[in-house]
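Here is structure.cif, consisting of mmCIF, C-alpha atoms:
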data_run
#
loop_
_atom_site.label_atom_id
_atom_site.label_comp_id
_atom_site.auth_asym_id
_atom_site.auth_seq_id
_atom_site.Cartn_x
_atom_site.Cartn_y
_atom_site.Cartn_z
CA MET A 192 3.70 14.13 -14.15
CA ASN A 193 2.36 17.43 -12.77
CA PHE A 194 2.35 16.50 -9.10
CA THR A 195 3.09 13.71 -6.65
CA GLU A 196 2.12 12.85 -3.08
CA LYS A 197 4.72 11.40 -0.74
CA TRP A 198 4.88 10.05 2.81
CA GLY A 199 7.85 10.65 5.08
CA THR A 200 8.88 10.51 8.71
CA ASP A 201 8.75 14.31 8.60
CA VAL A 202 7.72 16.99 6.11
CA GLU A 203 11.25 17.59 4.82
CA THR A 204 11.80 13.89 4.08
CA ALA A 205 8.48 13.67 2.21
CA VAL A 206 9.27 16.81 0.19
CA SER A 207 12.73 15.51 -0.73
CA LEU A 208 11.24 12.24 -2.02
CA ALA A 209 8.70 14.19 -4.08
CA LEU A 210 11.32 16.52 -5.58
CA GLU A 211 13.45 13.51 -6.51
CA GLU A 212 10.55 11.86 -8.35
CA LEU A 213 9.54 15.06 -10.17
CA GLY A 214 13.14 15.96 -10.98
CA ALA A 215 12.51 19.50 -9.78
CA THR A 216 13.86 22.05 -7.30
CA ARG A 217 11.95 23.80 -4.51
CA GLU A 218 11.73 26.96 -6.62
CA GLU A 219 9.89 25.06 -9.36
CA VAL A 220 7.11 23.59 -7.19
CA ASP A 221 4.27 24.39 -4.82
CA ILE A 222 4.19 22.36 -1.59
CA ASP A 223 1.03 21.47 0.33
CA VAL A 224 1.25 19.63 3.64
CA LEU A 225 -1.74 17.25 3.67
CA GLU A 226 -0.97 15.50 6.97
CA GLU A 227 1.34 16.58 9.77
CA PRO A 228 3.48 13.87 11.41
CA SER A 229 2.97 12.80 15.01
CA ARG A 230 5.01 10.56 17.29
CA GLY A 231 2.12 8.71 18.95
CA PHE A 232 2.46 6.67 22.13
CA PHE A 233 5.82 4.82 22.15
CA GLY A 234 5.59 4.89 18.37
CA ILE A 235 2.13 3.29 18.37
CA GLY A 236 -0.44 5.33 16.52
CA SER A 237 2.31 7.51 15.09
CA LYS A 238 1.61 9.19 11.75
CA LEU A 239 3.85 9.95 8.81
CA ALA A 240 3.85 13.31 7.08
CA LEU A 241 2.02 13.49 3.75
CA VAL A 242 2.76 16.23 1.23
CA ARG A 243 1.57 17.09 -2.25
CA VAL A 244 4.23 18.69 -4.44
CA SER A 245 3.04 20.25 -7.72
CA LEU A 246 4.99 21.75 -10.60
CA LYS A 247 4.33 25.48 -10.97
CA ASN A 248 4.43 25.38 -14.78
CA PRO A 249 3.28 21.92 -15.85
CA VAL A 250 2.91 20.99 -19.51
CA GLN A 251 0.86 17.84 -19.92
CA GLU A 252 -2.16 16.68 -21.84
CA VAL A 253 -5.46 15.66 -20.29
CA VAL A 254 -5.81 12.04 -19.25
CA GLU A 255 -8.78 10.92 -17.17
CA GLU A 256 -8.48 7.41 -15.86
CA GLU A 257 -9.40 5.12 -13.01
CA VAL A 258 -6.39 4.76 -10.73
CA PRO A 259 -6.58 2.05 -8.04
CA ALA A 260 -5.85 3.44 -4.57
CA PHE A 261 -3.32 1.85 -2.27
CA VAL A 262 -5.97 0.12 -0.17
CA GLY A 263 -7.50 -1.62 -3.15
CA GLU A 264 -10.36 0.78 -3.83
CA GLU A 265 -10.63 2.98 -6.93
CA ASN A 266 -10.42 6.77 -6.91
CA LYS A 267 -10.93 8.81 -10.05
CA VAL A 268 -7.93 11.07 -10.61
CA LYS A 269 -8.21 13.83 -13.19
CA LYS A 270 -4.92 15.22 -14.39
CA THR A 271 -4.94 18.89 -15.43
CA GLU A 272 -4.49 19.97 -19.01
CA THR A 273 -2.29 23.00 -19.62
CA ARG A 274 -1.58 22.86 -23.34
CA LYS A 275 -1.19 26.37 -24.80
CA ASN A 276 -2.68 25.51 -28.18
CA LYS A 277 -5.79 23.46 -27.45
CA ASP A 278 -7.22 24.14 -30.91
CA ASN A 279 -4.62 21.84 -32.46
CA LYS A 280 -5.27 19.04 -29.99
CA ARG A 281 -7.82 17.13 -32.08
CA ASP A 282 -5.63 17.18 -35.18
CA LEU A 283 -2.24 16.58 -33.64
CA GLY A 284 -2.89 15.01 -30.24
CA LYS A 285 -3.49 11.45 -31.37
CA ASN A 286 -0.41 11.17 -33.58
CA LYS A 287 1.79 12.93 -31.07
CA LYS A 288 0.61 10.71 -28.22
CA ASN A 289 1.12 7.52 -30.20
CA SER A 290 4.59 8.63 -31.24
CA SER A 291 5.54 9.62 -27.70
CA ASN A 292 4.26 6.35 -26.23
CA SER A 293 6.05 4.31 -28.86
CA LYS A 294 9.38 5.97 -28.08
CA ARG A 295 8.90 5.74 -24.32
CA ASN A 296 8.01 2.07 -24.41
CA GLY A 297 10.54 0.88 -26.96
CA GLY A 298 7.99 0.57 -29.76
CA ARG A 299 5.39 -1.30 -27.74
CA ASN A 300 1.76 -0.61 -28.58
CA ASN A 301 -0.33 0.96 -25.85
CA GLY A 302 -4.06 0.68 -25.59
CA ARG A 303 -4.05 -3.10 -25.46
CA LYS A 304 -7.47 -4.59 -24.93
CA VAL A 305 -7.67 -6.45 -21.64
CA GLU A 306 -10.51 -8.83 -20.99
CA LYS A 307 -12.55 -7.74 -17.98
CA ARG A 308 -11.84 -10.05 -15.08
CA ASP A 309 -13.66 -10.88 -11.87
CA TYR A 310 -11.02 -9.86 -9.33
CA ASP A 311 -13.05 -11.07 -6.35
CA LYS A 312 -13.31 -14.56 -7.85
CA LEU A 313 -9.67 -14.65 -8.89
CA ALA A 314 -8.52 -13.52 -5.43
CA GLU A 315 -10.39 -16.43 -3.85
CA GLU A 316 -8.34 -18.81 -5.99
CA VAL A 317 -5.02 -17.42 -4.75
CA ASP A 318 -3.37 -19.39 -1.94
CA PRO A 319 -3.00 -17.21 1.19
CA ILE A 320 0.47 -16.00 2.14
CA MET A 321 -0.46 -16.03 5.81
CA PRO A 322 -1.77 -19.53 6.67
CA ILE A 323 -5.38 -19.62 7.82
CA VAL A 324 -5.58 -20.83 11.42
CA ASP A 325 -8.60 -22.75 12.66
CA GLU A 326 -9.41 -21.05 15.96
CA SER A 327 -11.30 -24.13 17.18
CA SER A 328 -8.02 -26.05 17.18
CA LEU A 329 -6.31 -23.53 19.48
CA THR A 330 -6.08 -23.61 23.25
CA PRO A 331 -7.14 -20.53 25.29
CA LEU A 332 -4.21 -18.70 26.86
CA THR A 333 -5.28 -16.86 29.99
CA GLU A 334 -2.05 -16.15 31.86
CA HIS A 335 0.89 -14.78 29.92
CA GLU A 336 2.90 -11.57 30.16
CA VAL A 337 2.14 -10.68 26.54
CA ILE A 338 -1.59 -10.46 27.33
CA THR A 339 -0.90 -8.02 30.16
CA PHE A 340 1.41 -6.05 27.89
CA VAL A 341 -1.12 -5.71 25.06
CA GLU A 342 -3.94 -4.80 27.45
CA LYS A 343 -1.76 -2.10 29.02
CA ILE A 344 -0.99 -0.56 25.62
CA ILE A 345 -4.67 -0.53 24.69
CA LYS A 346 -5.58 1.08 28.00
CA GLU A 347 -2.90 3.78 27.61
CA MET A 348 -4.29 4.52 24.14
CA GLY A 349 -7.71 5.09 25.71
CA LEU A 350 -9.43 2.48 23.56
CA GLU A 351 -12.32 0.18 24.45
CA VAL A 352 -10.94 -3.08 23.08
CA GLN A 353 -10.76 -6.53 24.67
CA ALA A 354 -7.92 -8.98 24.00
CA THR A 355 -8.32 -12.76 23.80
CA ALA A 356 -5.25 -14.96 23.46
CA LYS A 357 -4.92 -18.52 22.17
CA THR A 358 -2.05 -20.82 21.31
CA ASP A 359 -1.30 -23.90 19.22
CA GLY A 360 1.39 -24.93 21.71
CA LYS A 361 4.05 -22.78 20.07
CA ASP A 362 2.78 -19.60 18.43
CA ILE A 363 0.48 -17.08 20.12
CA PHE A 364 -2.61 -15.59 18.51
CA ILE A 365 -4.26 -12.52 20.04
CA TYR A 366 -7.68 -11.40 18.86
CA LEU A 367 -8.89 -7.87 19.56
CA ASP A 368 -12.57 -6.97 19.72
CA GLY A 369 -14.54 -3.91 20.78
CA LYS A 370 -16.00 -0.64 19.54
CA ASP A 371 -12.55 0.92 18.95
CA THR A 372 -11.09 -1.84 16.78
CA GLY A 373 -10.88 0.59 13.86
CA SER A 374 -8.50 2.78 15.86
CA VAL A 375 -6.39 -0.15 17.01
CA ILE A 376 -6.02 -1.32 13.40
CA GLY A 377 -4.88 2.10 12.21
CA LYS A 378 -4.13 3.29 8.69
CA PHE A 379 -3.29 0.31 6.49
CA GLY A 380 -2.94 -1.74 9.68
CA SER A 381 0.03 0.33 10.88
CA THR A 382 -1.08 0.47 14.55
CA LEU A 383 -1.91 -3.24 14.61
CA ASP A 384 1.51 -4.03 13.13
CA ALA A 385 3.25 -1.84 15.71
CA ILE A 386 1.51 -3.57 18.62
CA GLN A 387 2.26 -6.98 17.11
CA TYR A 388 5.95 -6.08 16.71
CA LEU A 389 6.26 -4.95 20.34
CA ALA A 390 4.36 -8.01 21.58
CA SER A 391 6.75 -10.26 19.65
CA LEU A 392 9.71 -8.59 21.37
CA VAL A 393 8.12 -9.27 24.76
CA VAL A 394 7.51 -12.94 23.97
CA ASN A 395 10.98 -13.56 22.54
CA LYS A 396 13.07 -11.34 24.82
CA GLU A 397 14.62 -14.32 26.64
CA GLY A 398 15.86 -15.90 23.41
CA GLY A 399 15.45 -19.62 22.83
CA GLU A 400 13.04 -21.02 20.27
CA TYR A 401 11.30 -18.21 18.40
CA LYS A 402 7.55 -17.87 18.97
CA ARG A 403 5.44 -16.12 16.39
CA VAL A 404 2.90 -13.60 17.67
CA VAL A 405 -0.07 -12.73 15.47
CA ILE A 406 -2.45 -9.96 16.52
CA ASP A 407 -5.65 -9.52 14.54
CA ALA A 408 -8.88 -7.53 14.77
CA GLU A 409 -12.10 -8.09 12.82
CA ASN A 410 -10.24 -10.56 10.57
CA TYR A 411 -8.35 -7.57 9.19
CA ARG A 412 -5.26 -9.47 8.07
CA ALA A 413 -7.13 -11.90 5.81
CA LYS A 414 -9.22 -9.05 4.37
CA ARG A 415 -6.11 -6.95 3.76
CA GLU A 416 -4.39 -9.81 1.96
CA LYS A 417 -7.36 -10.29 -0.40
CA SER A 418 -7.52 -6.54 -0.98
CA LEU A 419 -3.85 -6.49 -1.98
CA GLU A 420 -4.33 -9.46 -4.31
CA LYS A 421 -7.15 -7.68 -6.14
CA LEU A 422 -5.09 -4.48 -6.25
CA ALA A 423 -2.19 -6.39 -7.84
CA MET A 424 -4.48 -7.85 -10.52
CA ARG A 425 -6.03 -4.48 -11.36
CA LEU A 426 -2.65 -2.82 -11.65
CA ALA A 427 -1.32 -5.65 -13.83
CA ASP A 428 -4.21 -5.06 -16.24
CA LYS A 429 -3.49 -1.32 -16.13
CA VAL A 430 0.15 -1.92 -17.04
CA VAL A 431 -0.86 -4.16 -19.95
CA ARG A 432 -3.37 -1.60 -21.24
CA SER A 433 -1.03 1.37 -21.01
CA GLY A 434 2.27 -0.32 -21.78
CA ARG A 435 3.82 1.64 -18.93
CA SER A 436 5.22 0.57 -15.57
CA TYR A 437 3.31 1.26 -12.36
CA LYS A 438 4.96 2.23 -9.08
CA LEU A 439 3.07 1.44 -5.86
CA GLU A 440 3.26 3.31 -2.59
CA PRO A 441 5.76 1.97 0.00
CA MET A 442 4.71 -1.29 1.67
CA ASN A 443 6.04 -3.48 4.46
CA PRO A 444 7.79 -6.79 3.56
CA TYR A 445 4.68 -8.92 4.10
CA GLU A 446 2.51 -6.78 1.83
CA ARG A 447 5.20 -6.68 -0.87
CA LYS A 448 5.34 -10.46 -0.71
CA VAL A 449 1.58 -10.64 -1.35
CA ILE A 450 1.92 -8.48 -4.48
CA HIS A 451 4.94 -10.44 -5.80
CA SER A 452 3.27 -13.79 -5.13
CA THR A 453 -0.04 -12.78 -6.73
CA LEU A 454 1.60 -11.70 -9.99
CA GLN A 455 4.27 -14.41 -10.09
CA LYS A 456 2.24 -16.55 -12.49
CA ASP A 457 1.00 -13.64 -14.60
CA GLY A 458 2.92 -14.08 -17.84
CA ARG A 459 2.24 -10.52 -18.95
CA VAL A 460 4.08 -8.61 -16.23
CA THR A 461 7.04 -8.77 -13.87
CA THR A 462 7.50 -7.24 -10.43
CA ARG A 463 10.53 -5.80 -8.67
CA SER A 464 11.26 -3.80 -5.54
CA GLU A 465 13.29 -0.64 -5.14
CA GLY A 466 14.37 1.61 -2.28
CA GLN A 467 15.07 0.95 1.37
CA ASP A 468 12.58 0.22 4.15
CA PRO A 469 10.33 1.83 5.25
CA TYR A 470 10.09 3.42 1.77
CA ARG A 471 10.73 0.26 -0.23
CA ARG A 472 8.10 -0.17 -2.94
CA ILE A 473 7.09 -2.48 -5.78
CA ILE A 474 7.22 -1.62 -9.48
CA ILE A 475 5.11 -3.61 -11.94
CA ASP A 476 6.63 -3.80 -15.45
CA LEU A 477 5.34 -5.12 -18.72
CA LYS A 478 7.24 -8.20 -19.92
#
Starting from the file, give its structure as structure tokens.
Amino acid sequence: MNFTEKWGTDVETAVSLALEELGATREEVDIDVLEEPSRGFFGIGSKLALVRVSLKNPVQEVVEEEVPAFVGEENKVKKTETRKNKDNKRDLGKNKKNSSNSKRNGGRNNGRKVEKRDYDKLAEEVDPIMPIVDESSLTPLTEHEVITFVEKIIKEMGLEVQATAKTDGKDIFIYLDGKDTGSVIGKFGSTLDAIQYLASLVVNKEGGEYKRVVIDAENYRAKREKSLEKLAMRLADKVVRSGRSYKLEPMNPYERKVIHSTLQKDGRVTTRSEGQDPYRRIIIDLK
């Protein structure tokens, strides 16, 4: 691995995580700060720091492959070749690569053929982790402190978004709509999750029977779940083809549950989690 990109609460934390993964010291790498951290408004809309840490003297062969991005889309990532003797690559590269892969994977054969699958169709067959709620069965909720709270947050953020609340008699569902819904959702739903967390504290501050609060915008949560399911399937196929484990970016508990659940019945791979929140992540291994 020539480089890695890491998120952290600040630049130093992100750099430390990157150095740990690369097994390198600061003197052996170049550090680029891709995104500066910001605190946001009461933690809402806050941003993590993102850094790219690259080895100064990498030695790695060229591999060009399609690597699924965290959000479920595909970005082409071209790794840089820095072999000193490229003239010997054609003669020696194939045998050396096969030998290296065999040792690294305990003798397992890489390059397995994987039948092309329709991920959209397969995702539709997966039972949702978050139950689908029929809005027509809910009762409008017009007077409640949580509505005032959410509207105040949105106003302080300077967003043009309207909130509509409904209830099934126990849980509360708040739907956001307006031209700034993209901003209120945030990166990977981070802003939406933050507002939902704070709203849940408001609703349950007196104790008693717990009431679930779900805040959604543009049906984002259902779309995100399907996106994660398709991502899990693509990465499982990638692991089978390469014979190597795949480590995802850190996810929240709900999103990790979607990945685990999606691959639970896949007899080719296993999943496990490592690290501590908020940096806990899933690793997909070949069985």
Ser452 of chain A: which residues within 9 Å, counting only C-alpha atoms, same-chain residues fewer than 5 positions away excluded, as number ranges by chain?
A: 320, 420, 447
Nearest to Met321 of chain A, restricted to all atoms listed in the file and choosing among A:Met348, A:Leu419, A:Val202, A:Ala413, comes out as A:Ala413
Quick check, in Å to one decimal: how far apart do atom CA of Tyr310 of chain A and atom CA of Leu426 of chain A lie?
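Computed distance, atom CA of Tyr310 of chain A to atom CA of Leu426 of chain A, equals 11.2 Å.
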With a distance cut-off of 10 Å and all atoms listed in the file, select the neighbouring residues of Asp407 of chain A, excluding the residue or stretch itself and same-chain residues fewer than 6 positions from it, and output the selection as a PyMOL selection string.
chain A and resi 354+364-368+372+375-376+380+383-384+387+413
Can those selected residues be exported to a file as a PDB file, keeping the file's coordinate frame so that it contains C-alpha atoms?
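Result file again-v8.pdb:
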ATOM      1  CA  ALA A 354      -7.920  -8.980  24.000  1.00  0.00           C
ATOM      2  CA  PHE A 364      -2.610 -15.590  18.510  1.00  0.00           C
ATOM      3  CA  ILE A 365      -4.260 -12.520  20.040  1.00  0.00           C
ATOM      4  CA  TYR A 366      -7.680 -11.400  18.860  1.00  0.00           C
ATOM      5  CA  LEU A 367      -8.890  -7.870  19.560  1.00  0.00           C
ATOM      6  CA  ASP A 368     -12.570  -6.970  19.720  1.00  0.00           C
ATOM      7  CA  THR A 372     -11.090  -1.840  16.780  1.00  0.00           C
ATOM      8  CA  VAL A 375      -6.390  -0.150  17.010  1.00  0.00           C
ATOM      9  CA  ILE A 376      -6.020  -1.320  13.400  1.00  0.00           C
ATOM     10  CA  GLY A 380      -2.940  -1.740   9.680  1.00  0.00           C
ATOM     11  CA  LEU A 383      -1.910  -3.240  14.610  1.00  0.00           C
ATOM     12  CA  ASP A 384       1.510  -4.030  13.130  1.00  0.00           C
ATOM     13  CA  GLN A 387       2.260  -6.980  17.110  1.00  0.00           C
ATOM     14  CA  ALA A 413      -7.130 -11.900   5.810  1.00  0.00           C
TER      15      ALA A 413
END
Which residues, named as in the file, does the PyMOL selection byres ((chain A and resi 423) around 9) pick out? Answer as a short mmCIF file (atom, residue, chain, number, x, y, z; two decimals) with C-alpha atoms, in the frame of the given file.
data_model
loop_
_atom_site.label_atom_id
_atom_site.label_comp_id
_atom_site.auth_asym_id
_atom_site.auth_seq_id
_atom_site.Cartn_x
_atom_site.Cartn_y
_atom_site.Cartn_z
CA GLY A 263 -7.50 -1.62 -3.15
CA SER A 418 -7.52 -6.54 -0.98
CA LEU A 419 -3.85 -6.49 -1.98
CA GLU A 420 -4.33 -9.46 -4.31
CA LYS A 421 -7.15 -7.68 -6.14
CA LEU A 422 -5.09 -4.48 -6.25
CA MET A 424 -4.48 -7.85 -10.52
CA ARG A 425 -6.03 -4.48 -11.36
CA LEU A 426 -2.65 -2.82 -11.65
CA ALA A 427 -1.32 -5.65 -13.83
CA ASP A 428 -4.21 -5.06 -16.24
CA VAL A 449 1.58 -10.64 -1.35
CA ILE A 450 1.92 -8.48 -4.48
CA HIS A 451 4.94 -10.44 -5.80
CA THR A 453 -0.04 -12.78 -6.73
CA LEU A 454 1.60 -11.70 -9.99
CA ILE A 475 5.11 -3.61 -11.94
#
Could I get segment 340-355 of chain A rebuilt with N, CA and C atoms, written as a PDB file, in the frame of the given file?
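Written file, out07.pdb:
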ATOM      1  N   PHE A 340       0.730  -7.105  28.644  1.00  0.00           N
ATOM      2  CA  PHE A 340       1.410  -6.050  27.890  1.00  0.00           C
ATOM      3  C   PHE A 340       0.470  -5.406  26.867  1.00  0.00           C
ATOM      4  N   VAL A 341      -0.208  -6.229  26.091  1.00  0.00           N
ATOM      5  CA  VAL A 341      -1.120  -5.710  25.060  1.00  0.00           C
ATOM      6  C   VAL A 341      -2.272  -4.952  25.704  1.00  0.00           C
ATOM      7  N   GLU A 342      -2.830  -5.481  26.772  1.00  0.00           N
ATOM      8  CA  GLU A 342      -3.940  -4.800  27.450  1.00  0.00           C
ATOM      9  C   GLU A 342      -3.507  -3.443  28.003  1.00  0.00           C
ATOM     10  N   LYS A 343      -2.271  -3.366  28.482  1.00  0.00           N
ATOM     11  CA  LYS A 343      -1.760  -2.100  29.020  1.00  0.00           C
ATOM     12  C   LYS A 343      -1.628  -1.061  27.903  1.00  0.00           C
ATOM     13  N   ILE A 344      -1.127  -1.482  26.751  1.00  0.00           N
ATOM     14  CA  ILE A 344      -0.990  -0.560  25.620  1.00  0.00           C
ATOM     15  C   ILE A 344      -2.358  -0.022  25.204  1.00  0.00           C
ATOM     16  N   ILE A 345      -3.328  -0.931  25.094  1.00  0.00           N
ATOM     17  CA  ILE A 345      -4.670  -0.530  24.690  1.00  0.00           C
ATOM     18  C   ILE A 345      -5.284   0.453  25.689  1.00  0.00           C
ATOM     19  N   LYS A 346      -5.052   0.198  26.966  1.00  0.00           N
ATOM     20  CA  LYS A 346      -5.580   1.080  28.000  1.00  0.00           C
ATOM     21  C   LYS A 346      -4.936   2.458  27.915  1.00  0.00           C
ATOM     22  N   GLU A 347      -3.615   2.507  27.711  1.00  0.00           N
ATOM     23  CA  GLU A 347      -2.900   3.780  27.610  1.00  0.00           C
ATOM     24  C   GLU A 347      -3.355   4.567  26.372  1.00  0.00           C
ATOM     25  N   MET A 348      -3.797   3.858  25.347  1.00  0.00           N
ATOM     26  CA  MET A 348      -4.290   4.520  24.140  1.00  0.00           C
ATOM     27  C   MET A 348      -5.720   5.018  24.322  1.00  0.00           C
ATOM     28  N   GLY A 349      -6.364   4.638  25.438  1.00  0.00           N
ATOM     29  CA  GLY A 349      -7.710   5.090  25.710  1.00  0.00           C
ATOM     30  C   GLY A 349      -8.762   4.426  24.840  1.00  0.00           C
ATOM     31  N   LEU A 350      -8.514   3.186  24.451  1.00  0.00           N
ATOM     32  CA  LEU A 350      -9.430   2.480  23.560  1.00  0.00           C
ATOM     33  C   LEU A 350     -10.234   1.424  24.313  1.00  0.00           C
ATOM     34  N   GLU A 351     -11.476   1.228  23.870  1.00  0.00           N
ATOM     35  CA  GLU A 351     -12.320   0.180  24.450  1.00  0.00           C
ATOM     36  C   GLU A 351     -12.206  -1.061  23.562  1.00  0.00           C
ATOM     37  N   VAL A 352     -11.219  -1.869  23.866  1.00  0.00           N
ATOM     38  CA  VAL A 352     -10.940  -3.080  23.080  1.00  0.00           C
ATOM     39  C   VAL A 352     -10.554  -4.192  24.052  1.00  0.00           C
ATOM     40  N   GLN A 353     -11.085  -5.384  23.831  1.00  0.00           N
ATOM     41  CA  GLN A 353     -10.760  -6.530  24.670  1.00  0.00           C
ATOM     42  C   GLN A 353      -9.818  -7.468  23.890  1.00  0.00           C
ATOM     43  N   ALA A 354      -8.887  -8.067  24.620  1.00  0.00           N
ATOM     44  CA  ALA A 354      -7.920  -8.980  24.000  1.00  0.00           C
ATOM     45  C   ALA A 354      -8.159 -10.407  24.466  1.00  0.00           C
ATOM     46  N   THR A 355      -8.186 -11.334  23.510  1.00  0.00           N
ATOM     47  CA  THR A 355      -8.320 -12.760  23.800  1.00  0.00           C
ATOM     48  C   THR A 355      -7.143 -13.490  23.178  1.00  0.00           C
TER      49      THR A 355
END
